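Engineer: Have a peek at start.cif (mmCIF, N, CA and C atoms and all ligand atoms).
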```cif
data_coords
#
loop_
_atom_site.label_atom_id
_atom_site.label_comp_id
_atom_site.auth_asym_id
_atom_site.auth_seq_id
_atom_site.Cartn_x
_atom_site.Cartn_y
_atom_site.Cartn_z
N MET A 1 0.83 -1.20 0.00
CA MET A 1 0.00 0.00 0.00
C MET A 1 0.87 1.26 0.00
N ARG A 2 0.43 2.25 -0.77
CA ARG A 2 1.14 3.54 -0.74
C ARG A 2 0.56 4.38 0.39
N VAL A 3 1.45 4.87 1.21
CA VAL A 3 1.04 5.64 2.38
C VAL A 3 1.54 7.07 2.22
N GLY A 4 0.67 8.04 2.52
CA GLY A 4 1.07 9.44 2.46
C GLY A 4 1.43 9.94 3.84
N ILE A 5 2.34 10.92 3.88
CA ILE A 5 2.70 11.52 5.16
C ILE A 5 2.89 13.03 4.95
N GLY A 6 2.49 13.80 5.93
CA GLY A 6 2.66 15.25 5.82
C GLY A 6 2.68 15.85 7.21
N SER A 7 3.30 17.02 7.32
CA SER A 7 3.39 17.65 8.64
C SER A 7 3.59 19.16 8.49
N ASP A 8 3.43 19.85 9.59
CA ASP A 8 3.91 21.23 9.70
C ASP A 8 5.27 21.18 10.42
N HIS A 9 5.76 22.34 10.84
CA HIS A 9 7.07 22.40 11.51
C HIS A 9 7.08 21.61 12.81
N ALA A 10 5.94 21.63 13.54
CA ALA A 10 5.89 20.96 14.84
C ALA A 10 5.86 19.43 14.70
N GLY A 11 5.52 18.96 13.51
CA GLY A 11 5.49 17.51 13.28
C GLY A 11 6.65 17.03 12.43
N PHE A 12 7.49 17.97 12.01
CA PHE A 12 8.53 17.64 11.03
C PHE A 12 9.47 16.52 11.48
N ASP A 13 9.99 16.61 12.69
CA ASP A 13 10.97 15.60 13.14
C ASP A 13 10.33 14.20 13.20
N LEU A 14 9.10 14.14 13.68
CA LEU A 14 8.42 12.84 13.73
C LEU A 14 8.12 12.34 12.31
N LYS A 15 7.79 13.25 11.42
CA LYS A 15 7.53 12.85 10.03
C LYS A 15 8.78 12.21 9.41
N VAL A 16 9.93 12.85 9.61
CA VAL A 16 11.18 12.32 9.06
C VAL A 16 11.43 10.92 9.61
N PHE A 17 11.23 10.77 10.92
CA PHE A 17 11.45 9.45 11.55
C PHE A 17 10.48 8.40 10.98
N LEU A 18 9.20 8.73 10.94
CA LEU A 18 8.19 7.75 10.50
C LEU A 18 8.35 7.39 9.03
N ALA A 19 8.66 8.38 8.20
CA ALA A 19 8.82 8.10 6.76
C ALA A 19 9.96 7.10 6.56
N ALA A 20 11.07 7.32 7.25
CA ALA A 20 12.22 6.41 7.10
C ALA A 20 11.88 5.02 7.64
N ALA A 21 11.22 4.98 8.79
CA ALA A 21 10.90 3.68 9.41
C ALA A 21 9.91 2.90 8.55
N LEU A 22 8.95 3.58 7.96
CA LEU A 22 7.96 2.90 7.11
C LEU A 22 8.60 2.38 5.82
N LYS A 23 9.50 3.18 5.27
CA LYS A 23 10.21 2.74 4.05
C LYS A 23 11.02 1.48 4.35
N LYS A 24 11.68 1.48 5.51
CA LYS A 24 12.47 0.31 5.92
C LYS A 24 11.58 -0.92 6.04
N GLU A 25 10.33 -0.72 6.41
CA GLU A 25 9.38 -1.83 6.55
C GLU A 25 8.81 -2.28 5.21
N GLY A 26 9.11 -1.53 4.14
CA GLY A 26 8.66 -1.92 2.81
C GLY A 26 7.50 -1.12 2.25
N TYR A 27 7.01 -0.12 2.99
CA TYR A 27 5.93 0.72 2.48
C TYR A 27 6.47 1.69 1.45
N GLU A 28 5.64 1.99 0.46
CA GLU A 28 5.95 3.09 -0.45
C GLU A 28 5.37 4.34 0.20
N VAL A 29 6.22 5.29 0.50
CA VAL A 29 5.79 6.47 1.25
C VAL A 29 5.81 7.70 0.35
N VAL A 30 4.67 8.38 0.25
CA VAL A 30 4.60 9.62 -0.52
C VAL A 30 4.63 10.77 0.48
N ASP A 31 5.63 11.64 0.35
CA ASP A 31 5.83 12.72 1.31
C ASP A 31 5.25 14.02 0.77
N TYR A 32 4.23 14.53 1.46
CA TYR A 32 3.55 15.76 1.02
C TYR A 32 4.13 17.01 1.69
N GLY A 33 5.28 16.87 2.33
CA GLY A 33 5.95 18.03 2.93
C GLY A 33 5.49 18.25 4.38
N ILE A 34 6.10 19.22 5.06
CA ILE A 34 7.13 20.11 4.58
C ILE A 34 8.47 19.38 4.48
N ASN A 35 9.34 19.98 3.69
CA ASN A 35 10.63 19.32 3.47
C ASN A 35 11.78 19.96 4.21
N ILE A 36 11.56 21.16 4.73
CA ILE A 36 12.55 21.74 5.64
C ILE A 36 11.79 22.28 6.85
N LYS A 37 12.50 22.37 7.97
CA LYS A 37 11.83 22.77 9.20
C LYS A 37 11.73 24.30 9.27
N LYS A 38 10.61 24.83 8.85
CA LYS A 38 10.35 26.27 8.97
C LYS A 38 8.89 26.44 9.31
N SER A 39 8.55 27.56 9.90
CA SER A 39 7.17 27.75 10.36
C SER A 39 6.21 27.83 9.18
N VAL A 40 5.21 26.96 9.22
CA VAL A 40 4.21 26.90 8.14
C VAL A 40 2.84 26.73 8.78
N ASP A 41 1.81 26.70 7.94
CA ASP A 41 0.43 26.56 8.42
C ASP A 41 -0.05 25.13 8.14
N TYR A 42 -0.42 24.42 9.20
CA TYR A 42 -0.77 23.00 9.04
C TYR A 42 -1.90 22.72 8.04
N PRO A 43 -2.91 23.62 7.88
CA PRO A 43 -3.97 23.25 6.92
C PRO A 43 -3.45 23.05 5.50
N ASP A 44 -2.37 23.76 5.13
CA ASP A 44 -1.85 23.62 3.76
C ASP A 44 -1.41 22.19 3.48
N PHE A 45 -0.94 21.49 4.50
CA PHE A 45 -0.44 20.13 4.29
C PHE A 45 -1.57 19.11 4.42
N ALA A 46 -2.59 19.47 5.18
CA ALA A 46 -3.79 18.62 5.19
C ALA A 46 -4.45 18.66 3.81
N VAL A 47 -4.47 19.83 3.19
CA VAL A 47 -5.03 19.97 1.84
C VAL A 47 -4.30 19.06 0.86
N LYS A 48 -2.97 19.10 0.90
CA LYS A 48 -2.17 18.32 -0.06
C LYS A 48 -2.38 16.82 0.12
N LEU A 49 -2.31 16.36 1.36
CA LEU A 49 -2.40 14.91 1.58
C LEU A 49 -3.82 14.39 1.30
N THR A 50 -4.82 15.14 1.70
CA THR A 50 -6.19 14.65 1.46
C THR A 50 -6.50 14.63 -0.03
N ALA A 51 -5.91 15.56 -0.79
CA ALA A 51 -6.08 15.52 -2.25
C ALA A 51 -5.46 14.25 -2.80
N GLY A 52 -4.38 13.80 -2.20
CA GLY A 52 -3.74 12.55 -2.62
C GLY A 52 -4.64 11.35 -2.38
N ILE A 53 -5.38 11.36 -1.28
CA ILE A 53 -6.33 10.26 -1.02
C ILE A 53 -7.48 10.34 -2.01
N GLN A 54 -8.00 11.55 -2.22
CA GLN A 54 -9.13 11.70 -3.14
C GLN A 54 -8.75 11.27 -4.56
N ALA A 55 -7.50 11.53 -4.95
CA ALA A 55 -7.03 11.16 -6.29
C ALA A 55 -6.55 9.70 -6.34
N LYS A 56 -6.65 9.00 -5.21
CA LYS A 56 -6.21 7.60 -5.08
C LYS A 56 -4.71 7.41 -5.34
N GLU A 57 -3.92 8.47 -5.10
CA GLU A 57 -2.46 8.32 -5.16
C GLU A 57 -1.99 7.49 -3.98
N ILE A 58 -2.70 7.62 -2.88
CA ILE A 58 -2.35 6.91 -1.66
C ILE A 58 -3.64 6.31 -1.07
N GLY A 59 -3.45 5.24 -0.28
CA GLY A 59 -4.61 4.61 0.34
C GLY A 59 -4.93 5.21 1.70
N LYS A 60 -3.88 5.47 2.45
CA LYS A 60 -4.05 6.02 3.80
C LYS A 60 -3.00 7.12 4.02
N GLY A 61 -3.27 7.96 5.02
CA GLY A 61 -2.35 9.06 5.27
C GLY A 61 -2.05 9.27 6.74
N ILE A 62 -0.91 9.89 6.97
CA ILE A 62 -0.46 10.26 8.33
C ILE A 62 -0.21 11.76 8.31
N LEU A 63 -0.87 12.49 9.18
CA LEU A 63 -0.67 13.94 9.27
C LEU A 63 -0.21 14.28 10.69
N ILE A 64 0.81 15.09 10.77
CA ILE A 64 1.40 15.39 12.08
C ILE A 64 1.54 16.90 12.26
N CYS A 65 1.00 17.40 13.35
CA CYS A 65 1.26 18.78 13.76
C CYS A 65 1.69 18.72 15.22
N GLY A 66 1.58 19.82 15.96
CA GLY A 66 2.03 19.78 17.34
C GLY A 66 1.22 18.82 18.19
N THR A 67 -0.09 18.89 18.02
CA THR A 67 -1.00 18.06 18.84
C THR A 67 -1.75 17.00 18.03
N GLY A 68 -1.81 17.16 16.73
CA GLY A 68 -2.66 16.31 15.90
C GLY A 68 -4.07 16.88 15.76
N ILE A 69 -4.38 17.88 16.58
CA ILE A 69 -5.76 18.40 16.58
C ILE A 69 -6.04 19.25 15.33
N GLY A 70 -5.16 20.19 15.07
CA GLY A 70 -5.38 21.07 13.90
C GLY A 70 -5.45 20.26 12.61
N MET A 71 -4.55 19.30 12.47
CA MET A 71 -4.55 18.47 11.25
C MET A 71 -5.85 17.69 11.13
N SER A 72 -6.39 17.20 12.24
CA SER A 72 -7.63 16.41 12.14
C SER A 72 -8.80 17.32 11.77
N ILE A 73 -8.84 18.51 12.36
CA ILE A 73 -9.93 19.44 12.03
C ILE A 73 -9.87 19.79 10.54
N ALA A 74 -8.69 20.10 10.06
CA ALA A 74 -8.54 20.50 8.65
C ALA A 74 -8.84 19.33 7.71
N ALA A 75 -8.28 18.16 7.99
CA ALA A 75 -8.44 17.02 7.08
C ALA A 75 -9.90 16.59 6.96
N ASN A 76 -10.63 16.68 8.08
CA ASN A 76 -12.03 16.22 8.06
C ASN A 76 -12.97 17.15 7.29
N LYS A 77 -12.46 18.26 6.78
CA LYS A 77 -13.27 19.14 5.93
C LYS A 77 -13.43 18.57 4.53
N PHE A 78 -12.64 17.58 4.18
CA PHE A 78 -12.60 17.12 2.79
C PHE A 78 -13.39 15.83 2.60
N LYS A 79 -14.10 15.79 1.49
CA LYS A 79 -14.98 14.67 1.16
C LYS A 79 -14.20 13.35 1.14
N GLY A 80 -14.77 12.37 1.78
CA GLY A 80 -14.17 11.04 1.76
C GLY A 80 -13.07 10.84 2.80
N ILE A 81 -12.79 11.89 3.56
CA ILE A 81 -11.71 11.78 4.55
C ILE A 81 -12.31 11.51 5.93
N ARG A 82 -11.80 10.48 6.55
CA ARG A 82 -12.13 10.19 7.95
C ARG A 82 -10.81 10.19 8.71
N ALA A 83 -10.51 11.36 9.28
CA ALA A 83 -9.23 11.54 9.98
C ALA A 83 -9.45 11.38 11.47
N ALA A 84 -8.61 10.57 12.09
CA ALA A 84 -8.73 10.32 13.53
C ALA A 84 -7.46 10.79 14.24
N ARG A 85 -7.65 11.67 15.18
CA ARG A 85 -6.52 12.09 16.02
C ARG A 85 -6.31 11.01 17.08
N CYS A 86 -5.17 10.37 17.05
CA CYS A 86 -4.91 9.24 17.94
C CYS A 86 -3.78 9.57 18.92
N CYS A 87 -3.99 9.15 20.16
CA CYS A 87 -3.01 9.42 21.22
C CYS A 87 -2.43 8.14 21.81
N CYS A 88 -2.98 7.00 21.45
CA CYS A 88 -2.49 5.73 22.01
C CYS A 88 -2.77 4.62 21.00
N ILE A 89 -2.26 3.45 21.28
CA ILE A 89 -2.40 2.33 20.35
C ILE A 89 -3.86 1.92 20.21
N GLN A 90 -4.60 1.97 21.30
CA GLN A 90 -6.02 1.59 21.23
C GLN A 90 -6.81 2.55 20.34
N ASP A 91 -6.49 3.83 20.41
CA ASP A 91 -7.12 4.79 19.50
C ASP A 91 -6.88 4.38 18.05
N ALA A 92 -5.63 4.06 17.74
CA ALA A 92 -5.25 3.73 16.37
C ALA A 92 -5.98 2.48 15.89
N CYS A 93 -6.13 1.50 16.78
CA CYS A 93 -6.81 0.25 16.45
C CYS A 93 -8.31 0.50 16.22
N LEU A 94 -8.93 1.21 17.15
CA LEU A 94 -10.38 1.42 17.06
C LEU A 94 -10.76 2.39 15.93
N ALA A 95 -9.86 3.32 15.63
CA ALA A 95 -10.12 4.23 14.51
C ALA A 95 -10.26 3.45 13.21
N ARG A 96 -9.54 2.35 13.10
CA ARG A 96 -9.67 1.49 11.92
C ARG A 96 -10.86 0.54 12.08
N GLN A 97 -10.94 -0.16 13.20
CA GLN A 97 -11.98 -1.20 13.36
C GLN A 97 -13.39 -0.63 13.31
N HIS A 98 -13.60 0.49 13.97
CA HIS A 98 -14.97 1.02 14.09
C HIS A 98 -15.27 2.15 13.11
N ASN A 99 -14.25 2.97 12.79
CA ASN A 99 -14.50 4.19 12.02
C ASN A 99 -13.98 4.14 10.59
N ASP A 100 -13.28 3.09 10.25
CA ASP A 100 -12.67 2.98 8.92
C ASP A 100 -11.90 4.26 8.57
N ALA A 101 -11.19 4.80 9.55
CA ALA A 101 -10.43 6.03 9.32
C ALA A 101 -9.38 5.80 8.24
N ASN A 102 -9.22 6.80 7.38
CA ASN A 102 -8.19 6.68 6.34
C ASN A 102 -7.01 7.63 6.58
N VAL A 103 -7.12 8.45 7.62
CA VAL A 103 -6.00 9.31 8.01
C VAL A 103 -5.83 9.22 9.52
N ILE A 104 -4.59 9.07 9.95
CA ILE A 104 -4.27 9.16 11.38
C ILE A 104 -3.57 10.50 11.58
N THR A 105 -3.99 11.22 12.61
CA THR A 105 -3.28 12.47 12.91
C THR A 105 -2.61 12.33 14.27
N LEU A 106 -1.40 12.81 14.34
CA LEU A 106 -0.54 12.60 15.51
C LEU A 106 0.03 13.91 16.02
N GLY A 107 0.31 13.94 17.30
CA GLY A 107 0.93 15.11 17.91
C GLY A 107 2.43 14.94 18.02
N GLY A 108 3.14 15.66 17.21
CA GLY A 108 4.60 15.58 17.21
C GLY A 108 5.21 16.07 18.52
N ARG A 109 4.47 16.95 19.22
CA ARG A 109 4.98 17.46 20.49
C ARG A 109 4.54 16.60 21.67
N LEU A 110 3.75 15.58 21.38
CA LEU A 110 3.18 14.77 22.47
C LEU A 110 3.70 13.33 22.49
N LEU A 111 4.07 12.82 21.33
CA LEU A 111 4.37 11.39 21.22
C LEU A 111 5.86 11.14 20.99
N GLY A 112 6.36 10.10 21.61
CA GLY A 112 7.72 9.64 21.31
C GLY A 112 7.72 8.89 19.98
N ASN A 113 8.90 8.81 19.36
CA ASN A 113 9.00 8.17 18.04
C ASN A 113 8.52 6.72 18.05
N ASP A 114 8.93 5.96 19.06
CA ASP A 114 8.63 4.53 19.06
C ASP A 114 7.14 4.27 19.23
N LEU A 115 6.50 5.01 20.14
CA LEU A 115 5.05 4.85 20.30
C LEU A 115 4.32 5.26 19.02
N ALA A 116 4.73 6.37 18.44
CA ALA A 116 4.08 6.83 17.21
C ALA A 116 4.21 5.78 16.11
N PHE A 117 5.38 5.17 16.00
CA PHE A 117 5.60 4.15 14.96
C PHE A 117 4.71 2.93 15.21
N GLU A 118 4.60 2.54 16.45
CA GLU A 118 3.74 1.41 16.80
C GLU A 118 2.28 1.73 16.45
N MET A 119 1.87 2.95 16.78
CA MET A 119 0.50 3.37 16.48
C MET A 119 0.23 3.36 14.98
N VAL A 120 1.20 3.85 14.22
CA VAL A 120 1.04 3.89 12.75
C VAL A 120 0.97 2.47 12.20
N ASN A 121 1.80 1.58 12.71
CA ASN A 121 1.74 0.19 12.24
C ASN A 121 0.39 -0.44 12.53
N VAL A 122 -0.13 -0.20 13.72
CA VAL A 122 -1.46 -0.74 14.07
C VAL A 122 -2.51 -0.13 13.13
N PHE A 123 -2.41 1.16 12.91
CA PHE A 123 -3.37 1.84 12.03
C PHE A 123 -3.34 1.24 10.62
N LEU A 124 -2.15 0.99 10.11
CA LEU A 124 -2.03 0.50 8.73
C LEU A 124 -2.42 -0.97 8.60
N ASP A 125 -2.27 -1.74 9.67
CA ASP A 125 -2.50 -3.19 9.60
C ASP A 125 -3.91 -3.62 10.01
N THR A 126 -4.65 -2.75 10.66
CA THR A 126 -5.92 -3.17 11.24
C THR A 126 -7.06 -2.98 10.25
N PRO A 127 -7.83 -4.04 9.96
CA PRO A 127 -8.95 -3.89 9.02
C PRO A 127 -10.19 -3.27 9.68
N PHE A 128 -11.03 -2.69 8.85
CA PHE A 128 -12.35 -2.20 9.27
C PHE A 128 -13.22 -3.42 9.56
N LEU A 129 -13.91 -3.40 10.70
CA LEU A 129 -14.71 -4.57 11.09
C LEU A 129 -16.03 -4.69 10.34
N LYS A 130 -16.47 -3.62 9.69
CA LYS A 130 -17.78 -3.59 9.00
C LYS A 130 -18.88 -3.94 10.00
N GLY A 131 -19.76 -4.93 9.69
CA GLY A 131 -20.84 -5.29 10.62
C GLY A 131 -21.65 -4.07 11.02
N ARG A 132 -21.91 -3.92 12.31
CA ARG A 132 -22.74 -2.82 12.78
C ARG A 132 -22.08 -1.45 12.54
N HIS A 133 -20.77 -1.46 12.36
CA HIS A 133 -20.05 -0.20 12.16
C HIS A 133 -20.24 0.35 10.74
N LEU A 134 -20.54 -0.53 9.81
CA LEU A 134 -20.68 -0.11 8.41
C LEU A 134 -21.83 0.88 8.24
N LYS A 135 -22.96 0.57 8.89
CA LYS A 135 -24.13 1.45 8.80
C LYS A 135 -23.77 2.85 9.32
N ARG A 136 -23.00 2.89 10.37
CA ARG A 136 -22.65 4.19 10.99
C ARG A 136 -21.68 4.97 10.10
N VAL A 137 -20.71 4.25 9.55
CA VAL A 137 -19.77 4.93 8.65
C VAL A 137 -20.51 5.39 7.39
N ASN A 138 -21.47 4.59 6.94
CA ASN A 138 -22.26 5.01 5.77
C ASN A 138 -23.05 6.27 6.07
N LYS A 139 -23.49 6.43 7.30
CA LYS A 139 -24.20 7.67 7.68
C LYS A 139 -23.25 8.87 7.59
N ILE A 140 -22.00 8.66 8.00
CA ILE A 140 -21.01 9.74 7.86
C ILE A 140 -20.82 10.06 6.38
N LYS A 141 -20.73 9.00 5.56
CA LYS A 141 -20.54 9.21 4.13
C LYS A 141 -21.71 9.99 3.53
N SER A 142 -22.93 9.73 4.04
CA SER A 142 -24.08 10.43 3.47
C SER A 142 -24.07 11.91 3.88
N ILE A 143 -23.45 12.25 4.98
CA ILE A 143 -23.31 13.67 5.37
C ILE A 143 -22.36 14.38 4.39
N ASP A 144 -21.39 13.61 3.90
CA ASP A 144 -20.40 14.12 2.94
C ASP A 144 -21.02 14.61 1.64
N LYS A 145 -22.17 14.05 1.29
CA LYS A 145 -22.73 14.28 -0.07
C LYS A 145 -23.29 15.69 -0.23
C1 LIG A 201 1.95 25.05 15.69
O1 LIG A 201 2.57 25.83 16.67
C2 LIG A 201 0.76 24.30 16.29
O2 LIG A 201 -0.26 25.19 16.60
C3 LIG A 201 0.28 23.24 15.32
O3 LIG A 201 1.33 22.38 15.04
C4 LIG A 201 -0.85 22.32 15.80
O4 LIG A 201 -0.55 21.75 17.04
C5 LIG A 201 -2.20 22.82 15.71
O5 LIG A 201 -3.17 22.09 16.00
#
```
Take the structure in the file and give it back as structure tokens.
Structural biologist:
Amino acid sequence: MRVGIGSDHAGFDLKVFLAAALKKEGYEVVDYGINIKKSVDYPDFAVKLTAGIQAKEIGKGILICGTGIGMSIAANKFKGIRAARCCCIQDACLARQHNDANVITLGGRLLGNDLAFEMVNVFLDTPFLKGRHLKRVNKIKSIDK
């Protein structure tokens, strides 16, 4: 699966770490920036990565800002995007199992590299459970229309 990653300045260091770690694991990683650590506005990178999902360039995405909050608010403005701000492994698991989230948002100022990598792996490996959750996700999709 092709995975997208993007961040602002506050998520830059974690983005660099995660992109390298995911590549080492065999993922094809599409980097939507930023590419140097300078102060930028996080919505600009949510726009770029979510466009990549809408265009089917990538299947899932990782967005990182200081807290993960701004990126989740921005990403969820776009049709077809279900972005989940995750703070622990259980969040990452349930965001996939129950919500079929296609973007994980992380706090670069809150999470250590190893925990973030574990969370991303869980997010990428965990399938949507469908069943009773499908009807609920379909209701979200109908709001999108
Ligand atoms: C940038 O200082 C910070 O506000 C941003 O990275 C993010 O945490 C916003 O939600």
Engineer: Which residues are close to range 24-41 of chain A, i.e. within 6.5 Å by only N, CA and C atoms, leaving aside same-chain residues fewer than 5 positions away? Reply as a tab-separated table (two decimals) with N, CA and C atoms, in the coordinates of the input.
Structural biologist:
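File produced: selection33.tsv:
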```
chain	number	residue	atom	x	y	z
A	1	MET	N	0.83	-1.20	0.00
A	1	MET	CA	0.00	0.00	0.00
A	1	MET	C	0.87	1.26	0.00
A	2	ARG	N	0.43	2.25	-0.77
A	2	ARG	CA	1.14	3.54	-0.74
A	2	ARG	C	0.56	4.38	0.39
A	3	VAL	N	1.45	4.87	1.21
A	3	VAL	CA	1.04	5.64	2.38
A	3	VAL	C	1.54	7.07	2.22
A	4	GLY	N	0.67	8.04	2.52
A	4	GLY	CA	1.07	9.44	2.46
A	4	GLY	C	1.43	9.94	3.84
A	5	ILE	N	2.34	10.92	3.88
A	5	ILE	CA	2.70	11.52	5.16
A	5	ILE	C	2.89	13.03	4.95
A	6	GLY	N	2.49	13.80	5.93
A	6	GLY	CA	2.66	15.25	5.82
A	6	GLY	C	2.68	15.85	7.21
A	7	SER	N	3.30	17.02	7.32
A	7	SER	CA	3.39	17.65	8.64
A	7	SER	C	3.59	19.16	8.49
A	8	ASP	N	3.43	19.85	9.59
A	8	ASP	CA	3.91	21.23	9.70
A	8	ASP	C	5.27	21.18	10.42
A	9	HIS	N	5.76	22.34	10.84
A	9	HIS	CA	7.07	22.40	11.51
A	9	HIS	C	7.08	21.61	12.81
A	12	PHE	N	7.49	17.97	12.01
A	12	PHE	CA	8.53	17.64	11.03
A	12	PHE	C	9.47	16.52	11.48
A	19	ALA	N	8.66	8.38	8.20
A	19	ALA	CA	8.82	8.10	6.76
A	19	ALA	C	9.96	7.10	6.56
A	48	LYS	N	-2.97	19.10	0.90
A	48	LYS	CA	-2.17	18.32	-0.06
A	48	LYS	C	-2.38	16.82	0.12
A	49	LEU	N	-2.31	16.36	1.36
A	49	LEU	CA	-2.40	14.91	1.58
A	49	LEU	C	-3.82	14.39	1.30
```
Engineer: Produce as a PyMOL selection string the set of residues near ligand LIG 201 (chain A), where near means within 6 Å with only N, CA and C atoms and all ligand atoms considered.
Structural biologist: chain A and resi 10-11+65-71
Engineer: From the options A:Val47, A:Leu18, A:Leu106, A:Ala116, which residue's atoms come nearest to Lys79 in chain A, counting only C-alpha atoms?
Structural biologist: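 Of the candidates, the smallest distance to Lys79 in chain A is held by A:Val47.
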Engineer: Between A:Arg82, A:Lys145, A:Arg136, A:Lys56, which is the closest to Val103 in chain A once you count all atoms listed in the file?
Structural biologist: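 Ranked by minimum distance to Val103 in chain A, first place goes to A:Arg82.
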Engineer: For a test of reading the model, state the distance in Å between CA of Ile62 in chain A and CA of Ile104 in chain A, rounded to one decimal.
Structural biologist: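 That distance, rounded to one decimal, is 5.0 Å.
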Engineer: To one decimal in Å, tell me the separation between atom N of Gly108 in chain A and atom C of Ile81 in chain A.
Structural biologist: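 Between atom N of Gly108 in chain A and atom C of Ile81 in chain A the gap is 19.6 Å.
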Engineer: For the atom pair atom C of Asp144 in chain A and atom C of Leu63 in chain A, what is the interatomic distance in Å to one decimal place?
Structural biologist: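 Between these atoms lies a distance of 22.7 Å.
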Engineer: Report the residues of range 15-138 of chain A whose backbone DSSP state falls under strand (DSSP E), written as number ranges by chain.
Structural biologist: A: 28-31, 60-65, 83-85, 103-107
Engineer: As a ChimeraX atom specification, please: every residue in chain A that a backbone DSSP assignment puts in alpha helix (DSSP H).
Structural biologist: /A:12-24,42-54,69-75,89-97,113-125,132-144
